[in-house]
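Next comes model.pdb, a file with PDB, C-alpha atoms and all ligand atoms.
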ATOM      1  CA  MET P 328       0.000   0.000   0.000
ATOM      2  CA  LEU P 329       2.887   2.398   0.693
ATOM      3  CA  SER P 330       4.965   3.300  -2.331
ATOM      4  CA  ASP P 331       6.672   6.729  -2.460
ATOM      5  CA  ALA P 332       8.653   8.541   0.192
ATOM      6  CA  VAL P 333       7.005  11.549   1.858
ATOM      7  CA  ASN P 334       8.703  12.929   4.918
ATOM      8  CA  VAL P 335       7.096  15.060   7.600
ATOM      9  CA  GLU P 336       9.522  15.043  10.509
ATOM     10  CA  PRO P 337       7.544  14.334  13.700
ATOM     11  CA  HIS P 338       7.968  16.318  16.927
ATOM     12  CA  GLU P 339      11.074  15.056  18.755
ATOM     13  CA  ASN P 340       9.060  14.117  21.866
ATOM     14  CA  SER P 341       6.135  12.389  20.183
ATOM     15  CA  VAL P 342       5.200   8.827  21.054
ATOM     16  CA  VAL P 343       2.521   6.498  19.711
ATOM     17  CA  ILE P 344       1.095   3.763  21.907
ATOM     18  CA  GLY P 345       0.351   0.757  19.689
ATOM     19  CA  THR P 346      -0.004  -3.000  19.926
ATOM     20  CA  GLY P 347      -2.046  -4.169  16.955
ATOM     21  CA  LYS P 348      -4.547  -5.823  19.307
ATOM     22  CA  GLY P 349      -7.722  -4.477  20.906
ATOM     23  CA  GLY P 350      -8.399  -4.056  24.617
ATOM     24  CA  VAL P 351      -4.776  -4.283  25.761
ATOM     25  CA  GLY P 352      -4.677  -0.894  27.534
ATOM     26  CA  LYS P 353      -3.419   1.478  24.804
ATOM     27  CA  SER P 354      -5.943   4.249  25.460
ATOM     28  CA  THR P 355      -5.505   3.988  29.229
ATOM     29  CA  ILE P 356      -1.711   4.228  28.901
ATOM     30  CA  ALA P 357      -1.884   7.063  26.329
ATOM     31  CA  ALA P 358      -4.242   9.178  28.482
ATOM     32  CA  HIS P 359      -2.162   8.573  31.615
ATOM     33  CA  LYS P 360       1.119   9.308  29.890
ATOM     34  CA  ALA P 361      -0.238  12.583  28.509
ATOM     35  CA  ALA P 362      -1.692  13.587  31.895
ATOM     36  CA  TRP P 363       1.581  12.618  33.619
ATOM     37  CA  HIS P 364       3.668  14.955  31.429
ATOM     38  CA  ALA P 365       1.106  17.769  31.770
ATOM     39  CA  ALA P 366       1.156  17.431  35.560
ATOM     40  CA  ARG P 367       4.937  17.984  35.392
ATOM     41  CA  GLY P 368       4.412  21.313  33.707
ATOM     42  CA  GLU P 369       5.126  20.151  30.145
ATOM     43  CA  ARG P 370       2.744  21.450  27.463
ATOM     44  CA  THR P 371       1.210  18.216  26.163
ATOM     45  CA  LEU P 372      -1.043  17.172  23.287
ATOM     46  CA  LEU P 373      -2.936  13.854  23.236
ATOM     47  CA  VAL P 374      -4.216  12.739  19.821
ATOM     48  CA  CYS P 375      -6.669   9.820  19.888
ATOM     49  CA  VAL P 376      -6.506   8.055  16.509
ATOM     50  CA  THR P 377      -9.169   5.593  17.567
ATOM     51  CA  SER P 378     -12.847   5.103  16.855
ATOM     52  CA  GLN P 379     -13.580   3.989  20.446
ATOM     53  CA  ASP P 380     -15.274   6.511  22.680
ATOM     54  CA  ASP P 381     -13.019   5.944  25.720
ATOM     55  CA  ASP P 382     -13.049   9.421  27.301
ATOM     56  CA  ASP P 383     -10.608   8.582  30.130
ATOM     57  CA  LEU P 384     -10.240  12.293  30.879
ATOM     58  CA  GLY P 385     -13.977  13.164  31.018
ATOM     59  CA  ILE P 386     -14.084  15.481  27.994
ATOM     60  CA  GLU P 387     -17.428  14.330  26.594
ATOM     61  CA  ARG P 388     -19.163  13.169  29.777
ATOM     62  CA  PHE P 389     -18.070  15.911  32.136
ATOM     63  CA  GLY P 390     -17.446  18.726  29.672
ATOM     64  CA  ARG P 391     -13.786  19.148  30.666
ATOM     65  CA  GLY P 392     -11.646  21.454  28.541
ATOM     66  CA  LEU P 393     -12.326  24.443  26.309
ATOM     67  CA  LEU P 394     -13.902  23.588  22.968
ATOM     68  CA  PRO P 395     -12.572  25.480  19.953
ATOM     69  CA  GLU P 396     -15.019  27.750  18.159
ATOM     70  CA  GLY P 397     -16.708  26.423  15.029
ATOM     71  CA  PRO P 398     -17.812  22.917  14.111
ATOM     72  CA  SER P 399     -17.571  20.130  16.705
ATOM     73  CA  VAL P 400     -14.214  18.478  17.275
ATOM     74  CA  LEU P 401     -15.681  15.830  19.585
ATOM     75  CA  ASN P 402     -16.295  12.195  18.701
ATOM     76  CA  GLY P 403     -13.369  12.116  16.272
ATOM     77  CA  GLU P 404     -14.959  14.789  14.062
ATOM     78  CA  GLY P 405     -12.084  17.255  14.445
ATOM     79  CA  LEU P 406      -9.524  14.618  13.538
ATOM     80  CA  LEU P 407     -11.516  13.517  10.495
ATOM     81  CA  ARG P 408     -12.004  17.103   9.319
ATOM     82  CA  ALA P 409      -8.335  17.980   9.685
ATOM     83  CA  VAL P 410      -7.244  15.030   7.539
ATOM     84  CA  GLN P 411     -10.102  15.441   5.080
ATOM     85  CA  GLU P 412      -9.634  19.189   4.522
ATOM     86  CA  ARG P 413      -5.830  19.177   5.058
ATOM     87  CA  ILE P 414      -6.057  21.748   7.835
ATOM     88  CA  PRO P 415      -4.249  21.893  11.206
ATOM     89  CA  LEU P 416      -5.740  19.917  14.105
ATOM     90  CA  LEU P 417      -7.871  21.929  16.535
ATOM     91  CA  PRO P 418      -7.576  20.407  20.007
ATOM     92  CA  VAL P 419      -9.833  20.772  23.030
ATOM     93  CA  ARG P 420      -7.695  23.078  25.186
ATOM     94  CA  GLU P 421      -6.775  22.734  28.857
ATOM     95  CA  VAL P 422      -8.523  19.446  29.573
ATOM     96  CA  ARG P 423      -6.146  19.558  32.505
ATOM     97  CA  PRO P 424      -3.591  22.328  33.112
ATOM     98  CA  ASN P 425      -1.058  22.035  30.216
ATOM     99  CA  LEU P 426      -3.039  19.267  28.486
ATOM    100  CA  ASP P 427      -4.845  19.633  25.142
ATOM    101  CA  VAL P 428      -6.644  16.702  23.505
ATOM    102  CA  VAL P 429      -7.839  15.795  20.018
ATOM    103  CA  PRO P 430     -10.589  13.341  20.921
ATOM    104  CA  GLY P 431     -11.189  10.096  19.058
ATOM    105  CA  GLY P 432     -14.602   8.565  18.415
ATOM    106  CA  GLU P 433     -16.890   7.179  15.754
ATOM    107  CA  ALA P 434     -15.918   9.672  13.024
ATOM    108  CA  VAL P 435     -12.345   8.304  13.026
ATOM    109  CA  GLY P 436     -13.820   5.146  11.447
ATOM    110  CA  GLU P 437     -14.652   7.258   8.364
ATOM    111  CA  LEU P 438     -10.956   8.033   7.941
ATOM    112  CA  LEU P 439     -10.521   4.496   6.651
ATOM    113  CA  THR P 440     -12.872   5.151   3.723
ATOM    114  CA  LEU P 441     -11.176   8.479   3.061
ATOM    115  CA  LEU P 442      -7.674   6.978   3.068
ATOM    116  CA  THR P 443      -8.719   4.067   0.874
ATOM    117  CA  ALA P 444     -10.231   6.488  -1.673
ATOM    118  CA  ARG P 445      -7.102   8.672  -1.751
ATOM    119  CA  ILE P 446      -4.481   5.932  -1.962
ATOM    120  CA  PRO P 447      -4.708   5.246  -5.739
ATOM    121  CA  VAL P 448      -4.087   8.945  -6.500
ATOM    122  CA  GLU P 449      -1.820  10.056  -3.667
ATOM    123  CA  GLY P 450       0.037   6.901  -2.662
ATOM    124  CA  VAL P 451       2.048   7.237   0.506
ATOM    125  CA  SER P 452       1.271  10.899   1.233
ATOM    126  CA  VAL P 453      -2.075   9.647   2.520
ATOM    127  CA  VAL P 454      -0.351   7.937   5.436
ATOM    128  CA  ALA P 455       1.525  11.137   6.262
ATOM    129  CA  SER P 456      -1.669  13.224   6.350
ATOM    130  CA  LEU P 457      -2.075  13.148  10.130
ATOM    131  CA  ALA P 458       1.587  14.103  10.562
ATOM    132  CA  GLY P 459       0.832  17.025   8.241
ATOM    133  CA  ALA P 460      -2.165  18.111  10.370
ATOM    134  CA  ILE P 461      -0.109  17.967  13.582
ATOM    135  CA  ALA P 462       2.975  19.753  12.209
ATOM    136  CA  PRO P 463       1.572  23.341  12.323
ATOM    137  CA  ILE P 464       0.586  23.033  16.015
ATOM    138  CA  ALA P 465       3.487  20.820  17.150
ATOM    139  CA  PRO P 466       5.674  23.805  18.188
ATOM    140  CA  TRP P 467       3.090  24.676  20.889
ATOM    141  CA  TYR P 468       3.944  21.477  22.738
ATOM    142  CA  ASP P 469       6.760  19.860  24.720
ATOM    143  CA  ARG P 470       5.155  16.414  24.370
ATOM    144  CA  ILE P 471       2.799  14.726  21.943
ATOM    145  CA  VAL P 472       1.171  11.362  22.725
ATOM    146  CA  LEU P 473      -0.833   9.418  20.132
ATOM    147  CA  ASP P 474      -3.309   6.665  20.912
ATOM    148  CA  SER P 475      -3.804   4.173  18.078
ATOM    149  CA  ALA P 476      -6.635   1.999  16.800
ATOM    150  CA  PRO P 477      -6.365  -1.778  16.923
ATOM    151  CA  GLU P 478      -6.602  -4.150  13.984
ATOM    152  CA  GLN P 479      -6.794  -1.364  11.372
ATOM    153  CA  ASP P 480      -3.586  -1.213   9.344
ATOM    154  CA  ALA P 481      -4.311   2.169   7.717
ATOM    155  CA  LEU P 482      -5.133   3.896  11.024
ATOM    156  CA  GLU P 483      -2.101   2.343  12.701
ATOM    157  CA  GLN P 484       0.123   3.566   9.871
ATOM    158  CA  LEU P 485      -1.402   7.042  10.115
ATOM    159  CA  ALA P 486      -0.449   7.240  13.809
ATOM    160  CA  LEU P 487       2.994   5.653  13.265
ATOM    161  CA  ALA P 488       3.782   8.199  10.558
ATOM    162  CA  ALA P 489       3.154  11.029  13.037
ATOM    163  CA  ALA P 490       5.438   9.977  15.928
ATOM    164  CA  ARG P 491       9.124   9.702  16.795
ATOM    165  CA  TRP P 492       8.678   6.795  19.200
ATOM    166  CA  LEU P 493       6.579   3.649  19.343
ATOM    167  CA  PHE P 494       5.729   2.190  22.725
ATOM    168  CA  VAL P 495       4.151  -1.270  22.762
ATOM    169  CA  PRO P 496       2.102  -2.552  25.692
ATOM    170  CA  THR P 497       1.092  -6.199  25.493
ATOM    171  CA  ARG P 498      -0.793  -8.807  27.446
ATOM    172  CA  SER P 499       0.631 -12.287  27.758
ATOM    173  CA  ASP P 500      -1.888 -14.246  25.633
ATOM    174  CA  ASP P 501      -1.169 -15.514  22.112
ATOM    175  CA  THR P 502      -3.571 -13.092  20.406
ATOM    176  CA  SER P 503      -1.757 -10.144  21.967
ATOM    177  CA  ILE P 504       1.577 -11.502  20.743
ATOM    178  CA  ARG P 505       0.050 -11.928  17.248
ATOM    179  CA  GLY P 506      -1.185  -8.316  17.531
ATOM    180  CA  MET P 507       2.429  -7.261  18.126
ATOM    181  CA  ARG P 508       3.324  -8.865  14.800
ATOM    182  CA  ARG P 509       0.843  -6.533  13.117
ATOM    183  CA  ILE P 510       2.320  -3.409  14.729
ATOM    184  CA  ALA P 511       5.838  -4.663  13.956
ATOM    185  CA  ARG P 512       4.895  -5.073  10.291
ATOM    186  CA  ASN P 513       3.349  -1.590  10.118
ATOM    187  CA  TYR P 514       6.314  -0.132  12.011
ATOM    188  CA  LYS P 515       8.742  -1.492   9.412
ATOM    189  CA  LEU P 516       6.615  -0.273   6.496
ATOM    190  CA  VAL P 517       6.153   3.228   7.864
ATOM    191  CA  ARG P 518       9.772   3.543   8.959
ATOM    192  CA  SER P 519      11.169   2.437   5.617
ATOM    193  CA  GLN P 520       8.831   4.528   3.462
ATOM    194  CA  VAL P 521       7.377   7.479   5.353
ATOM    195  CA  ASN P 522       8.908   8.166   8.738
ATOM    196  CA  PRO P 523      12.612   7.252   9.013
ATOM    197  CA  TRP P 524      12.762   8.961  12.464
ATOM    198  CA  LEU P 525      10.515   6.335  14.065
ATOM    199  CA  GLN P 526      12.115   4.188  16.777
ATOM    200  CA  VAL P 527      10.844   1.572  19.233
ATOM    201  CA  ALA P 528      10.939   3.060  22.741
ATOM    202  CA  GLY P 529      10.170  -0.267  24.368
ATOM    203  CA  ALA P 530       7.470  -2.710  25.370
ATOM    204  CA  CYS P 531       5.778  -3.646  28.615
ATOM    205  CA  LEU P 532       3.505  -6.304  29.980
ATOM    206  CA  TYR P 533       0.230  -4.604  30.882
ATOM    207  CA  GLY P 534      -2.705  -5.844  32.944
ATOM    208  CA  SER P 535      -0.914  -8.828  34.373
ATOM    209  CA  ASN P 536       0.371 -10.075  37.701
ATOM    210  CA  PRO P 537       3.412  -7.890  38.560
ATOM    211  CA  SER P 538       5.028 -10.694  40.613
ATOM    212  CA  ALA P 539       4.784 -13.379  37.871
ATOM    213  CA  THR P 540       8.454 -13.169  36.892
ATOM    214  CA  GLN P 541       8.495 -16.380  34.829
ATOM    215  CA  LEU P 542       5.602 -15.095  32.699
ATOM    216  CA  HIS P 543       7.367 -11.756  32.351
ATOM    217  CA  GLU P 544      10.475 -13.496  31.035
ATOM    218  CA  GLU P 545       8.461 -15.540  28.519
ATOM    219  CA  VAL P 546       6.733 -12.405  27.205
ATOM    220  CA  ARG P 547      10.130 -10.664  27.011
ATOM    221  CA  GLN P 548      11.339 -13.438  24.724
ATOM    222  CA  ASP P 549       8.239 -13.043  22.539
ATOM    223  CA  VAL P 550       8.768  -9.268  22.400
ATOM    224  CA  VAL P 551      12.394  -9.638  21.361
ATOM    225  CA  GLU P 552      11.451 -12.200  18.714
ATOM    226  CA  VAL P 553       8.715  -9.963  17.248
ATOM    227  CA  LEU P 554      10.148  -6.461  17.662
ATOM    228  CA  GLY P 555      13.862  -7.227  17.436
ATOM    229  CA  PRO P 556      16.723  -8.025  19.841
ATOM    230  CA  ASN P 557      17.353  -4.411  20.856
ATOM    231  CA  THR P 558      13.824  -3.750  22.093
ATOM    232  CA  PRO P 559      13.880  -2.599  25.724
ATOM    233  CA  MET P 560      11.439  -4.607  27.849
ATOM    234  CA  LEU P 561      10.364  -2.472  30.786
ATOM    235  CA  SER P 562      10.434  -3.988  34.234
ATOM    236  CA  THR P 563       7.262  -2.218  35.439
ATOM    237  CA  VAL P 564       4.137  -4.347  35.100
ATOM    238  CA  VAL P 565       0.809  -2.611  35.689
ATOM    239  CA  GLY P 566      -1.434  -5.159  37.402
ATOM    240  CA  TYR P 567      -4.860  -6.313  36.288
ATOM    241  CA  ARG P 568      -7.219  -4.375  38.577
ATOM    242  CA  GLU P 569     -10.534  -4.218  36.823
ATOM    243  CA  MET P 570     -12.697  -2.424  39.370
ATOM    244  CA  PRO P 571     -10.559   0.663  40.057
ATOM    245  CA  ALA P 572      -9.598   0.924  36.350
ATOM    246  CA  ARG P 573     -13.255   0.802  35.280
ATOM    247  CA  ASN P 574     -14.472   3.185  38.001
ATOM    248  CA  ALA P 575     -11.768   5.757  37.292
ATOM    249  CA  ARG P 576     -12.657   5.780  33.574
ATOM    250  CA  LYS P 577     -16.385   6.106  34.368
ATOM    251  CA  LYS P 578     -15.603   9.195  36.409
ATOM    252  CA  GLY P 579     -13.306  10.601  33.729
ATOM    253  CA  LEU P 580     -10.381  10.633  36.173
ATOM    254  CA  THR P 581      -6.848   9.347  35.880
ATOM    255  CA  PHE P 582      -5.842   6.639  38.362
ATOM    256  CA  GLY P 583      -3.865   9.228  40.352
ATOM    257  CA  GLU P 584      -6.777  11.679  40.465
ATOM    258  CA  TYR P 585      -9.144   8.909  41.547
ATOM    259  CA  ALA P 586      -6.676   7.687  44.200
ATOM    260  CA  ALA P 587      -6.522  11.230  45.602
ATOM    261  CA  LEU P 588     -10.233  10.890  46.508
ATOM    262  CA  LEU P 589      -9.519   7.850  48.686
ATOM    263  CA  PRO P 590      -8.987   9.593  52.051
ATOM    264  CA  THR P 591     -12.349  11.382  51.902
ATOM    265  CA  SER P 592     -14.316   8.659  50.095
ATOM    266  CA  ALA P 593     -17.236   6.752  51.619
ATOM    267  CA  LYS P 594     -16.315   3.322  53.031
ATOM    268  CA  SER P 595     -18.074  -0.047  52.763
ATOM    269  CA  TYR P 596     -19.448   0.402  56.305
ATOM    270  CA  ASP P 597     -21.100   3.672  55.178
ATOM    271  CA  VAL P 598     -22.851   1.712  52.415
ATOM    272  CA  ALA P 599     -23.902  -0.980  54.929
ATOM    273  CA  ALA P 600     -25.297   1.744  57.206
ATOM    274  CA  GLY P 601     -27.244   3.290  54.292
ATOM    275  CA  ARG P 602     -25.221   6.527  54.391
ATOM    276  CA  ALA P 603     -23.635   6.111  50.945
ATOM    277  CA  GLN P 604     -23.993   4.357  47.586
ATOM    278  CA  ARG P 605     -21.652   1.616  46.419
ATOM    279  CA  ALA P 606     -20.529   3.915  43.562
ATOM    280  CA  ASP P 607     -19.252   6.465  46.139
ATOM    281  CA  VAL P 608     -16.691   4.024  47.557
ATOM    282  CA  VAL P 609     -13.235   4.422  46.040
ATOM    283  CA  PRO P 610     -11.618   0.956  46.098
ATOM    284  CA  GLU P 611      -8.326   0.675  48.004
ATOM    285  CA  SER P 612      -6.816  -1.129  45.007
ATOM    286  CA  ILE P 613      -6.685   2.207  43.126
ATOM    287  CA  LYS P 614      -3.553   3.058  45.141
ATOM    288  CA  PRO P 615      -1.248   0.322  43.789
ATOM    289  CA  LEU P 616      -2.740   0.849  40.317
ATOM    290  CA  ALA P 617      -1.937   4.582  40.396
ATOM    291  CA  GLU P 618       1.584   3.854  41.697
ATOM    292  CA  GLU P 619       2.267   1.254  39.007
ATOM    293  CA  MET P 620       1.063   3.633  36.285
ATOM    294  CA  ASP P 621       3.343   6.376  37.629
ATOM    295  CA  ARG P 622       6.297   3.972  37.620
ATOM    296  CA  LEU P 623       5.479   2.933  34.062
ATOM    297  CA  ASN P 624       5.433   6.573  32.936
ATOM    298  CA  LEU P 625       8.791   7.235  34.589
ATOM    299  CA  GLU P 626      10.334   4.170  32.987
ATOM    300  CA  VAL P 627       8.956   4.834  29.470
ATOM    301  CA  ASP P 628      10.220   8.383  29.682
ATOM    302  CA  ALA P 629      13.666   7.219  30.810
ATOM    303  CA  TYR P 630      13.913   4.857  27.798
ATOM    304  CA  CYS P 631      12.859   7.580  25.355
ATOM    305  CA  ARG P 632      15.516   9.921  26.798
ATOM    306  CA  LYS P 633      18.184   7.200  26.728
ATOM    307  CA  GLY P 634      17.289   6.326  23.116
ATOM    308  CA  ALA P 635      17.404   9.983  22.090
TER     309      ALA P 635
HETATM  310  N1  LIG J 701      -4.765  -2.185  34.792
HETATM  311  C1  LIG J 701      -5.972  -2.546  34.376
HETATM  312  N2  LIG J 701      -6.612  -3.612  34.922
HETATM  313  C2  LIG J 701      -7.840  -3.985  34.482
HETATM  314  N3  LIG J 701      -8.534  -3.362  33.529
HETATM  315  C3  LIG J 701      -7.943  -2.284  32.945
HETATM  316  C4  LIG J 701      -6.653  -1.818  33.336
HETATM  317  N4  LIG J 701      -6.346  -0.726  32.588
HETATM  318  C5  LIG J 701      -7.400  -0.520  31.776
HETATM  319  N5  LIG J 701      -8.354  -1.453  31.984
HETATM  320  C6  LIG J 701      -9.648  -1.591  31.297
HETATM  321  O1  LIG J 701      -9.443  -2.459  30.183
HETATM  322  C7  LIG J 701     -10.286  -2.061  29.094
HETATM  323  C8  LIG J 701      -9.427  -1.868  27.843
HETATM  324  O2  LIG J 701      -8.504  -0.796  28.092
HETATM  325  P1  LIG J 701      -8.179   0.262  26.950
HETATM  326  O3  LIG J 701      -9.431   0.857  26.410
HETATM  327  O4  LIG J 701      -7.165   1.167  27.496
HETATM  328  O5  LIG J 701      -7.524  -0.704  25.869
HETATM  329  P2  LIG J 701      -7.232  -0.403  24.336
HETATM  330  O6  LIG J 701      -6.054  -1.220  23.973
HETATM  331  O7  LIG J 701      -7.160   1.048  24.112
HETATM  332  O8  LIG J 701      -8.557  -0.954  23.656
HETATM  333  P3  LIG J 701      -9.031  -0.688  22.133
HETATM  334  O9  LIG J 701      -8.142  -1.550  21.303
HETATM  335  O10 LIG J 701     -10.450  -1.178  22.128
HETATM  336  O11 LIG J 701      -8.878   0.748  21.813
HETATM  337  C9  LIG J 701     -11.001  -0.791  29.547
HETATM  338  O12 LIG J 701     -12.286  -1.134  29.989
HETATM  339  C10 LIG J 701     -10.153  -0.275  30.716
HETATM  340  O13 LIG J 701     -10.906   0.447  31.662
HETATM  341 MG    MG J 702      -8.256   2.274  22.795
END
Mind turning this structure into structure tokens?
Amino acid sequence: MLSDAVNVEPHENSVVIGTGKGGVGKSTIAAHKAAWHAARGERTLLVCVTSQDDDDLGIERFGRGLLPEGPSVLNGEGLLRAVQERIPLLPVREVRPNLDVVPGGEAVGELLTLLTARIPVEGVSVVASLAGAIAPIAPWYDRIVLDSAPEQDALEQLALAAARWLFVPTRSDDTSIRGMRRIARNYKLVRSQVNPWLQVAGACLYGSNPSATQLHEEVRQDVVEVLGPNTPMLSTVVGYREMPARNARKKGLTFGEYAALLPTSAKSYDVAAGRAQRADVVPESIKPLAEEMDRLNLEVDAYCRKGA
């Protein structure tokens, strides 16, 4: 599908989170990484190249951030319009201090039709079209994080063409490892034909048991086999903790923000006494989850700096 060379040099601190497989934790990691940089005072842009309506940061449900004037940019519509009309991306501003977001959503699915229609005429420049829409606003930011769509080669390539780094979270099952083969294939294509600056920042085991060291080693071997012998495998494993992860997303809060509510949250005995609802109880397990996510962000960042 890719044929000519078209180079739009991505921002030096831009990273795409990709795995080739759905439901692995890409959007969760992308939102948390972006929020982590913003909380450190770095001007950060999160671009969600995904048709899922994840809303980890509460933009749609809780109206966080300042919407740009003009047509809607929510639900992936801004992203679609920017690529379609070849105009700069218009993010939702200040979703958190220092954090702007280009939300994903249903309209991103239409990008596939658009790209497919343009390929016969434009060849590879189609894949660089998101990079082109980011380039005019990239100088506003210290960091750019891209979330990618699973199992859609064209959307994955679009995101890969717009970043300097690829970070690959994976689960330990065979389908996740097969998903890594897809991202590895797209990585090689995009790197050789569109974005020669792209590098693998590393991989991590996500949503697993952090103390299962044997499993970790087996996945490391799979990662090295699929992504190459020089791929850093991060030591941080974010555990599988469904309840706090789900509750935090429902409230449009990062794990750290949700954990900060713990000291003043209702407790199970308040629910038993009829003084509170179950939904008001912040589970204790949010604490280790928030800590693991922080450690992951530190480690990913360290690898990107070392690589640079
Ligand atoms: N550490 C965790 N433990 C358990 N569940 C988690 C954890 N982190 C995220 N989740 C949940 O797992 C589900 C999938 O996560 P997420 O949406 O981040 O994956 P994804 O790779 O972006 O999926 P998709 O491919 O559909 O875009 C979500 O419901 C999310 O709330
Ligand atoms: Mg996602």
Write out as a PDB file with C-alpha atoms, in the frame of the given file the residues lying within 10 Å of Val351 in chain P, counting only C-alpha atoms and excluding same-chain residues fewer than 4 positions away.
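around.pdb, written as the output of this step:
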ATOM      1  CA  GLY P 345       0.351   0.757  19.689  1.00  0.00           C
ATOM      2  CA  THR P 346      -0.004  -3.000  19.926  1.00  0.00           C
ATOM      3  CA  GLY P 347      -2.046  -4.169  16.955  1.00  0.00           C
ATOM      4  CA  THR P 355      -5.505   3.988  29.229  1.00  0.00           C
ATOM      5  CA  ILE P 356      -1.711   4.228  28.901  1.00  0.00           C
ATOM      6  CA  PRO P 477      -6.365  -1.778  16.923  1.00  0.00           C
ATOM      7  CA  VAL P 495       4.151  -1.270  22.762  1.00  0.00           C
ATOM      8  CA  PRO P 496       2.102  -2.552  25.692  1.00  0.00           C
ATOM      9  CA  THR P 497       1.092  -6.199  25.493  1.00  0.00           C
ATOM     10  CA  ARG P 498      -0.793  -8.807  27.446  1.00  0.00           C
ATOM     11  CA  SER P 499       0.631 -12.287  27.758  1.00  0.00           C
ATOM     12  CA  SER P 503      -1.757 -10.144  21.967  1.00  0.00           C
ATOM     13  CA  GLY P 506      -1.185  -8.316  17.531  1.00  0.00           C
ATOM     14  CA  LEU P 532       3.505  -6.304  29.980  1.00  0.00           C
ATOM     15  CA  TYR P 533       0.230  -4.604  30.882  1.00  0.00           C
ATOM     16  CA  GLY P 534      -2.705  -5.844  32.944  1.00  0.00           C
TER      17      GLY P 534
END
(Q) Which residue is closest to Arg518 in chain P? Choose from P:Gln548, P:Asn624, P:Thr540, P:Gln484 and count only C-alpha atoms. (A) P:Gln484
Q | Given 6 Å and only C-alpha atoms and all ligand atoms, residues near ligand LIG 701 (chain J) as a PyMOL selection string | A | chain P and resi 348-355+379+476-477+534+565-569+572-573+576
Q | Residue IDs satisfying the PyMOL selection byres (((chain P and resi 438-449) around 9) and not hetatm), as a list in words | A | Met328, Leu329, Leu406, Leu407, Val410, Gln411, Ala434, Val435, Gly436, Glu437, Gly450, Val451, Ser452, Val453, Val454, Gln479, Ala481 and Leu482 of chain P
(Q) Evaluate the PyMOL selection byres (((chain P and resi 369) around 12) and not hetatm) against this structure - the residues, as a ChimeraX atom specification, please. (A) /P:340,360-368,370-372,423-427,467-471
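The residue set within 10 Å of Arg391 in chain P, counting only C-alpha atoms and dropping same-chain residues fewer than 2 places from it, reads Leu384, Gly385, Ile386, Glu387, Arg388, Phe389, Leu393, Leu394, Val419, Arg420, Glu421, Val422, Arg423 and Gly579 of chain P.
Proximity to ligand MG 702 (chain J) was assessed for P:Gln541, P:Leu473, P:Ala409, P:Leu588 counting all atoms listed in the file; the smallest distance is recorded for P:Leu473.
One distance worth recording is that between CA of Arg512 in chain P and CA of Pro415 in chain P, which is 28.5 Å.
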Q. Hey, can you pull every residue with an atom no more than 12 Å from (-11.8, -0.5, 39.0), using all atoms listed in the file, and send it as a PyMOL selection string?
A. chain P and resi 566-578+580-582+585-586+606+608-617
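Here CA of His359 in chain P stands at a distance of 7.5 Å from CA of Met620 in chain P.
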Q: Take the point (7.2, -3.3, 9.8) as written in the file and pick out every residue within 12 Å of it, counting all atoms listed in the file; give the list as a PyMOL selection string.
A: chain P and resi 329+347+480+483-484+487+493+507-523+525-527+553-555
Q: Choose the residue, out of P:Ser595, P:Thr558, P:Ser538, P:Ser378, that has the smallest atom-to-atom separation from ligand MG 702 (chain J); count all atoms listed in the file.
A: P:Ser378
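Note that CA of Gly583 in chain P and CA of Ala600 in chain P are 28.3 Å apart.
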Q: List the residues matched by the PyMOL selection byres (((chain P and resi 402) around 8) and not hetatm) in the displayed structure as an MDAnalysis selection string, ordered by chain and then by residue number.
A: chainID P and resid 380 400:401 403:405 430:435
Q | Nearest to ligand MG 702 (chain J) by atom-to-atom distance, counting only C-alpha atoms and all ligand atoms, from P:Ala458, P:Val335, P:Ala357, P:Ile504 | A | P:Ala357
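Each of P:Arg632, P:Arg491, P:Arg547, P:Arg408 was checked against Leu561 in chain P using only C-alpha atoms; the smallest atom-to-atom distance is that of P:Arg547.
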